[in-house]
file run-v4.cif (mmCIF, C-alpha atoms)
data_input
loop_
_atom_site.group_PDB
_atom_site.id
_atom_site.type_symbol
_atom_site.label_atom_id
_atom_site.label_comp_id
_atom_site.auth_asym_id
_atom_site.auth_seq_id
_atom_site.Cartn_x
_atom_site.Cartn_y
_atom_site.Cartn_z
ATOM 1 C CA MET A 1 104.067 79.052 116.257
ATOM 2 C CA THR A 2 107.467 77.744 115.405
ATOM 3 C CA GLU A 3 110.439 79.406 113.740
ATOM 4 C CA ALA A 4 109.391 77.679 110.510
ATOM 5 C CA HIS A 5 105.990 79.382 110.601
ATOM 6 C CA ALA A 6 107.386 82.861 111.245
ATOM 7 C CA ILE A 7 107.121 84.617 107.890
ATOM 8 C CA ALA A 8 107.451 88.320 107.202
ATOM 9 C CA GLY A 9 108.629 90.563 104.377
ATOM 10 C CA VAL A 10 111.664 91.463 106.493
ATOM 11 C CA PRO A 11 114.022 89.337 108.618
ATOM 12 C CA MET A 12 112.269 88.042 111.721
ATOM 13 C CA ARG A 13 113.274 86.311 114.945
ATOM 14 C CA TRP A 14 111.438 85.199 118.045
ATOM 15 C CA VAL A 15 112.460 87.055 121.203
ATOM 16 C CA GLY A 16 111.610 86.430 124.795
ATOM 17 C CA PRO A 17 109.931 85.087 126.676
ATOM 18 C CA LEU A 18 108.365 88.285 127.983
ATOM 19 C CA ARG A 19 106.515 88.267 131.294
ATOM 20 C CA ILE A 20 103.228 90.122 130.872
ATOM 21 C CA SER A 21 100.489 90.715 133.426
ATOM 22 C CA GLY A 22 97.424 92.866 133.677
ATOM 23 C CA ASN A 23 93.662 92.795 133.847
ATOM 24 C CA VAL A 24 93.214 90.231 131.050
ATOM 25 C CA ALA A 25 96.424 88.196 130.976
ATOM 26 C CA ARG A 26 99.231 86.846 133.063
ATOM 27 C CA THR A 27 101.718 84.933 130.922
ATOM 28 C CA GLU A 28 105.223 84.467 129.675
ATOM 29 C CA THR A 29 105.421 84.289 125.917
ATOM 30 C CA GLN A 30 107.795 84.632 123.021
ATOM 31 C CA VAL A 31 106.991 87.335 120.477
ATOM 32 C CA PRO A 32 108.059 87.779 116.858
ATOM 33 C CA LEU A 33 110.192 90.805 115.996
ATOM 34 C CA ALA A 34 110.555 91.685 112.312
ATOM 35 C CA THR A 35 113.214 94.269 111.494
ATOM 36 C CA TYR A 36 116.111 95.041 109.200
ATOM 37 C CA GLU A 37 117.947 96.313 112.294
ATOM 38 C CA SER A 38 119.272 92.956 113.464
ATOM 39 C CA PRO A 39 121.026 94.457 116.545
ATOM 40 C CA LEU A 40 117.518 94.999 117.948
ATOM 41 C CA TRP A 41 116.994 91.258 118.431
ATOM 42 C CA PRO A 42 119.529 90.827 121.246
ATOM 43 C CA SER A 43 118.587 94.225 122.696
ATOM 44 C CA VAL A 44 114.891 93.310 122.898
ATOM 45 C CA GLY A 45 115.933 89.907 124.234
ATOM 46 C CA ARG A 46 117.736 91.662 127.104
ATOM 47 C CA GLY A 47 114.607 93.724 127.773
ATOM 48 C CA ALA A 48 112.567 90.507 127.823
ATOM 49 C CA LYS A 49 114.961 89.103 130.423
ATOM 50 C CA VAL A 50 114.439 92.215 132.582
ATOM 51 C CA SER A 51 110.665 91.726 132.319
ATOM 52 C CA ARG A 52 111.105 88.317 133.959
ATOM 53 C CA LEU A 53 113.071 89.816 136.851
ATOM 54 C CA ALA A 54 110.095 91.920 137.955
ATOM 55 C CA GLU A 55 107.366 89.992 139.759
ATOM 56 C CA LYS A 56 104.593 91.265 137.495
ATOM 57 C CA GLY A 57 106.762 91.804 134.421
ATOM 58 C CA ILE A 58 105.325 94.260 131.939
ATOM 59 C CA VAL A 59 101.958 95.396 133.288
ATOM 60 C CA ALA A 60 99.425 96.193 130.580
ATOM 61 C CA THR A 61 95.828 97.232 131.180
ATOM 62 C CA LEU A 62 93.208 96.660 128.513
ATOM 63 C CA VAL A 63 90.804 99.579 128.706
ATOM 64 C CA ASP A 64 88.675 98.886 125.648
ATOM 65 C CA GLU A 65 88.581 96.866 122.470
ATOM 66 C CA ARG A 66 88.013 98.774 119.239
ATOM 67 C CA MET A 67 89.201 98.828 115.700
ATOM 68 C CA THR A 68 89.516 102.330 114.290
ATOM 69 C CA ARG A 69 89.907 103.843 110.869
ATOM 70 C CA SER A 70 90.439 107.493 110.017
ATOM 71 C CA VAL A 71 89.355 109.438 106.974
ATOM 72 C CA LEU A 72 90.045 112.996 105.913
ATOM 73 C CA VAL A 73 87.492 115.318 104.361
ATOM 74 C CA GLU A 74 88.410 118.701 102.944
ATOM 75 C CA ALA A 75 85.887 121.482 103.515
ATOM 76 C CA THR A 76 85.833 125.053 102.222
ATOM 77 C CA ASP A 77 86.700 126.440 105.664
ATOM 78 C CA ALA A 78 86.838 125.542 109.376
ATOM 79 C CA ALA A 79 83.247 126.598 110.027
ATOM 80 C CA THR A 80 81.987 124.264 107.303
ATOM 81 C CA ALA A 81 84.161 121.429 108.621
ATOM 82 C CA LEU A 82 82.772 121.923 112.136
ATOM 83 C CA ALA A 83 79.183 122.054 110.863
ATOM 84 C CA ALA A 84 79.774 118.799 108.971
ATOM 85 C CA ALA A 85 81.228 117.163 112.093
ATOM 86 C CA ARG A 86 78.205 118.197 114.151
ATOM 87 C CA SER A 87 75.847 116.915 111.471
ATOM 88 C CA ILE A 88 77.685 113.577 111.377
ATOM 89 C CA HIS A 89 77.496 113.192 115.168
ATOM 90 C CA ALA A 90 73.792 114.030 115.135
ATOM 91 C CA ARG A 91 73.208 111.200 112.646
ATOM 92 C CA ILE A 92 75.079 108.475 114.551
ATOM 93 C CA GLU A 93 72.111 106.060 114.578
ATOM 94 C CA GLU A 94 71.713 106.378 110.808
ATOM 95 C CA LEU A 95 75.428 105.714 110.356
ATOM 96 C CA ARG A 96 75.214 102.660 112.606
ATOM 97 C CA GLU A 97 72.531 101.306 110.265
ATOM 98 C CA VAL A 98 74.829 101.920 107.293
ATOM 99 C CA VAL A 99 77.507 99.786 108.972
ATOM 100 C CA ARG A 100 74.988 97.036 109.787
ATOM 101 C CA GLY A 101 74.121 96.962 106.086
ATOM 102 C CA CYS A 102 77.680 96.247 105.010
ATOM 103 C CA SER A 103 78.906 93.878 107.742
ATOM 104 C CA ARG A 104 77.455 91.076 109.838
ATOM 105 C CA PHE A 105 79.928 91.649 112.659
ATOM 106 C CA ALA A 106 81.170 95.256 112.633
ATOM 107 C CA GLN A 107 79.285 97.703 114.828
ATOM 108 C CA LEU A 108 79.896 101.444 114.831
ATOM 109 C CA ILE A 109 80.671 102.380 118.446
ATOM 110 C CA GLY A 110 81.502 106.016 117.956
ATOM 111 C CA ILE A 111 82.998 108.743 115.827
ATOM 112 C CA ARG A 112 85.617 111.250 116.901
ATOM 113 C CA HIS A 113 86.532 114.317 114.924
ATOM 114 C CA GLU A 114 89.275 116.893 114.700
ATOM 115 C CA VAL A 115 89.090 120.118 112.717
ATOM 116 C CA ASN A 116 92.345 121.627 111.528
ATOM 117 C CA ALA A 117 91.737 124.705 109.363
ATOM 118 C CA ASN A 118 89.502 123.437 106.556
ATOM 119 C CA LEU A 119 90.357 119.768 107.164
ATOM 120 C CA LEU A 120 87.961 117.452 108.964
ATOM 121 C CA PHE A 121 89.576 114.297 110.325
ATOM 122 C CA LEU A 122 87.062 111.599 111.251
ATOM 123 C CA ARG A 123 87.974 108.515 113.279
ATOM 124 C CA PHE A 124 85.402 105.738 113.095
ATOM 125 C CA GLU A 125 85.435 103.312 116.041
ATOM 126 C CA PHE A 126 84.134 99.783 115.546
ATOM 127 C CA SER A 127 83.497 96.681 117.576
ATOM 128 C CA THR A 128 84.391 93.659 115.448
ATOM 129 C CA GLY A 129 83.354 90.749 117.619
ATOM 130 C CA ASP A 130 85.856 87.916 117.791
ATOM 131 C CA ALA A 131 87.506 88.909 114.509
ATOM 132 C CA SER A 132 90.591 91.107 114.432
ATOM 133 C CA GLY A 133 88.502 93.183 112.029
ATOM 134 C CA HIS A 134 91.074 95.028 109.936
ATOM 135 C CA ASN A 135 89.351 94.407 106.621
ATOM 136 C CA MET A 136 85.797 94.844 107.909
ATOM 137 C CA ALA A 137 86.731 98.156 109.565
ATOM 138 C CA THR A 138 88.297 99.403 106.337
ATOM 139 C CA LEU A 139 85.270 98.324 104.288
ATOM 140 C CA ALA A 140 82.821 99.885 106.753
ATOM 141 C CA SER A 141 84.829 103.137 106.773
ATOM 142 C CA ASP A 142 84.756 103.293 102.985
ATOM 143 C CA VAL A 143 80.990 102.740 102.974
ATOM 144 C CA LEU A 144 80.511 105.354 105.711
ATOM 145 C CA LEU A 145 82.606 107.943 103.903
ATOM 146 C CA LYS A 146 80.680 107.447 100.664
ATOM 147 C CA HIS A 147 77.381 107.730 102.538
ATOM 148 C CA ILE A 148 78.499 110.862 104.377
ATOM 149 C CA LEU A 149 79.732 112.552 101.208
ATOM 150 C CA GLN A 150 76.444 111.816 99.478
ATOM 151 C CA THR A 151 74.160 112.934 102.322
ATOM 152 C CA VAL A 152 75.863 115.718 104.293
#

call {"tool": "encode", "arguments": {"input": "run-v4.cif", "output": "structure tokens"}}
result
Amino acid sequence: MTEAHAIAGVPMRWVGPLRISGNVARTETQVPLATYESPLWPSVGRGAKVSRLAEKGIVATLVDERMTRSVLVEATDAATALAAARSIHARIEELREVVRGCSRFAQLIGIRHEVNANLLFLRFEFSTGDASGHNMATLASDVLLKHILQTV
């Protein structure tokens, strides 16, 4: 990418290069930084210079690749929210089929939940193949939520 191809809704500059290493990459690269706080550009540039002074630079470890989306469901009370969460987890294979029906590439890997009073927070975890998957994860989450609300 060149400066001419760097487009954002806020002012943007390229900073770096950053030295990055880890279990999937070892590179030096420039990165775009979009911000209204223009003093950040030279500050991040100084940090990028420090990354090149260390032999390994910034060490990042990729543990897993997933795209997640969260939804919130309101229940009558915490017990009902917990019962719904358990029911959803028990039906994971059915929910995986729902995702297969709405996307050729997205796969439901897992579901995590959190109950806070009468609120049930669900985080759907997807594999999206080679795609970044933002839109397919959002679409699959919408389809899952509708299915859950109709069947739980």

call {"tool": "resolve_selection", "arguments": {"input": "run-v4.cif", "expression": "the PyMOL selection byres ((chain A and resi 65) around 12)", "output": "list in words"}}
result
Val24, Thr61, Leu62, Val63, Asp64, Arg66, Met67, Thr68, Ile109, Glu125, Phe126, Ser127, Thr128, Gly129, Asp130, Ala131, Ser132 and Gly133 of chain A

call {"tool": "atom_distance", "arguments": {"input": "run-v4.cif", "atom1": "CA of Asn23 (chain A)", "atom2": "CA of Leu53 (chain A)"}}
result
19.9 Å

call {"tool": "closest_residue", "arguments": {"input": "run-v4.cif", "among": "A:Ala48, A:Ile92, A:Val15, A:Val59", "to": "Gln30 (chain A)", "atoms": "all atoms listed in the file"}}
result
A:Val15

call {"tool": "resolve_selection", "arguments": {"input": "run-v4.cif", "expression": "the PyMOL selection byres ((chain A and resi 32-47) around 8)", "output": "list in words"}}
result
Ala6, Ala8, Val10, Pro11, Met12, Arg13, Trp14, Val15, Gly16, Gln30, Val31, Ala48, Lys49, Val50 and Ser51 of chain A

call {"tool": "write_last_selection", "arguments": {"input": "run-v4.cif", "atoms": "C-alpha atoms", "output": "PDB file, keeping the file's coordinate frame"}}
result
ATOM      1  CA  ALA A   6     107.386  82.861 111.245  1.00  0.00           C
ATOM      2  CA  ALA A   8     107.451  88.320 107.202  1.00  0.00           C
ATOM      3  CA  VAL A  10     111.664  91.463 106.493  1.00  0.00           C
ATOM      4  CA  PRO A  11     114.022  89.337 108.618  1.00  0.00           C
ATOM      5  CA  MET A  12     112.269  88.042 111.721  1.00  0.00           C
ATOM      6  CA  ARG A  13     113.274  86.311 114.945  1.00  0.00           C
ATOM      7  CA  TRP A  14     111.438  85.199 118.045  1.00  0.00           C
ATOM      8  CA  VAL A  15     112.460  87.055 121.203  1.00  0.00           C
ATOM      9  CA  GLY A  16     111.610  86.430 124.795  1.00  0.00           C
ATOM     10  CA  GLN A  30     107.795  84.632 123.021  1.00  0.00           C
ATOM     11  CA  VAL A  31     106.991  87.335 120.477  1.00  0.00           C
ATOM     12  CA  ALA A  48     112.567  90.507 127.823  1.00  0.00           C
ATOM     13  CA  LYS A  49     114.961  89.103 130.423  1.00  0.00           C
ATOM     14  CA  VAL A  50     114.439  92.215 132.582  1.00  0.00           C
ATOM     15  CA  SER A  51     110.665  91.726 132.319  1.00  0.00           C
TER      16      SER A  51
END

call {"tool": "residues_around", "arguments": {"input": "run-v4.cif", "residues": "Asn118 (chain A)", "least_positions_apart": "3", "cutoff": "10 Å", "atoms": "only C-alpha atoms", "output": "list in words"}}
result
Val73, Glu74, Ala75, Thr76, Asp77, Ala78, Ala79, Thr80, Ala81, Leu82, Val115 and Phe121 of chain A

call {"tool": "axis_aligned_box", "arguments": {"input": "run-v4.cif", "around": "region 9-19 of chain A", "padding_each_side": "8 Å", "output": "AutoDock Vina command-line options"}}
result
--center_x 110.3 --center_y 88.3 --center_z 117.8 --size_x 23.5 --size_y 22.4 --size_z 42.9

call {"tool": "closest_residue", "arguments": {"input": "run-v4.cif", "among": "A:Leu139, A:Ala117, A:Ala83, A:Val152", "to": "Gly101 (chain A)", "atoms": "all atoms listed in the file"}}
result
A:Leu139

call {"tool": "resolve_selection", "arguments": {"input": "run-v4.cif", "expression": "the PyMOL selection byres ((chain A and resi 56) around 10)", "output": "PyMOL selection string"}}
result
chain A and resi 19-22+26-27+51-55+57-60

call {"tool": "residues_around", "arguments": {"input": "run-v4.cif", "residues": "Ile148 (chain A)", "least_positions_apart": "3", "cutoff": "12 Å", "atoms": "only C-alpha atoms", "output": "ChimeraX atom specification"}}
result
/A:71-73,84-85,87-89,91-92,94-95,98,122,141-145,151-152

call {"tool": "write_last_selection", "arguments": {"input": "run-v4.cif", "atoms": "C-alpha atoms", "output": "CSV table (one decimal), keeping the file's coordinate frame"}}
result
chain,number,residue,atom,x,y,z
A,71,VAL,CA,89.4,109.4,107.0
A,72,LEU,CA,90.0,113.0,105.9
A,73,VAL,CA,87.5,115.3,104.4
A,84,ALA,CA,79.8,118.8,109.0
A,85,ALA,CA,81.2,117.2,112.1
A,87,SER,CA,75.8,116.9,111.5
A,88,ILE,CA,77.7,113.6,111.4
A,89,HIS,CA,77.5,113.2,115.2
A,91,ARG,CA,73.2,111.2,112.6
A,92,ILE,CA,75.1,108.5,114.6
A,94,GLU,CA,71.7,106.4,110.8
A,95,LEU,CA,75.4,105.7,110.4
A,98,VAL,CA,74.8,101.9,107.3
A,122,LEU,CA,87.1,111.6,111.3
A,141,SER,CA,84.8,103.1,106.8
A,142,ASP,CA,84.8,103.3,103.0
A,143,VAL,CA,81.0,102.7,103.0
A,144,LEU,CA,80.5,105.4,105.7
A,145,LEU,CA,82.6,107.9,103.9
A,151,THR,CA,74.2,112.9,102.3
A,152,VAL,CA,75.9,115.7,104.3

call {"tool": "closest_residue", "arguments": {"input": "run-v4.cif", "among": "A:Ala90, A:Thr138, A:Glu28, A:Glu97", "to": "Ile111 (chain A)", "atoms": "only C-alpha atoms"}}
result
A:Ala90

call {"tool": "build_atoms", "arguments": {"input": "run-v4.cif", "residues": "region 53-65 of chain A", "atoms": "N, CA, C and O atoms", "output": "CSV table (one decimal), in the frame of the given file"}}
result
chain,number,residue,atom,x,y,z
A,53,LEU,N,112.5,89.5,135.5
A,53,LEU,CA,113.1,89.8,136.9
A,53,LEU,C,112.1,90.5,137.8
A,53,LEU,O,112.2,90.4,139.0
A,54,ALA,N,111.1,91.2,137.2
A,54,ALA,CA,110.1,91.9,138.0
A,54,ALA,C,109.0,90.9,138.2
A,54,ALA,O,108.6,90.2,137.3
A,55,GLU,N,108.4,91.0,139.4
A,55,GLU,CA,107.4,90.0,139.8
A,55,GLU,C,106.2,90.0,138.8
A,55,GLU,O,105.7,88.9,138.3
A,56,LYS,N,105.7,91.2,138.4
A,56,LYS,CA,104.6,91.3,137.5
A,56,LYS,C,105.0,91.4,136.0
A,56,LYS,O,104.2,91.4,135.1
A,57,GLY,N,106.3,91.6,135.8
A,57,GLY,CA,106.8,91.8,134.4
A,57,GLY,C,106.3,93.1,133.9
A,57,GLY,O,106.2,94.1,134.5
A,58,ILE,N,105.9,93.1,132.6
A,58,ILE,CA,105.3,94.3,131.9
A,58,ILE,C,103.8,94.3,132.3
A,58,ILE,O,103.1,93.3,131.9
A,59,VAL,N,103.4,95.3,132.9
A,59,VAL,CA,102.0,95.4,133.3
A,59,VAL,C,101.2,96.2,132.2
A,59,VAL,O,101.5,97.4,132.0
A,60,ALA,N,100.2,95.6,131.6
A,60,ALA,CA,99.4,96.2,130.6
A,60,ALA,C,98.0,96.1,131.0
A,60,ALA,O,97.5,95.1,131.5
A,61,THR,N,97.2,97.2,130.8
A,61,THR,CA,95.8,97.2,131.2
A,61,THR,C,95.0,97.5,129.9
A,61,THR,O,95.2,98.5,129.2
A,62,LEU,N,94.1,96.5,129.6
A,62,LEU,CA,93.2,96.7,128.5
A,62,LEU,C,92.0,97.5,129.0
A,62,LEU,O,91.3,97.1,129.9
A,63,VAL,N,91.9,98.6,128.3
A,63,VAL,CA,90.8,99.6,128.7
A,63,VAL,C,89.6,99.3,127.9
A,63,VAL,O,88.4,99.4,128.3
A,64,ASP,N,89.8,99.0,126.6
A,64,ASP,CA,88.7,98.9,125.6
A,64,ASP,C,89.2,98.1,124.4
A,64,ASP,O,90.4,98.0,124.2
A,65,GLU,N,88.2,97.5,123.7
A,65,GLU,CA,88.6,96.9,122.5
A,65,GLU,C,87.9,97.6,121.3
A,65,GLU,O,86.6,97.6,121.3
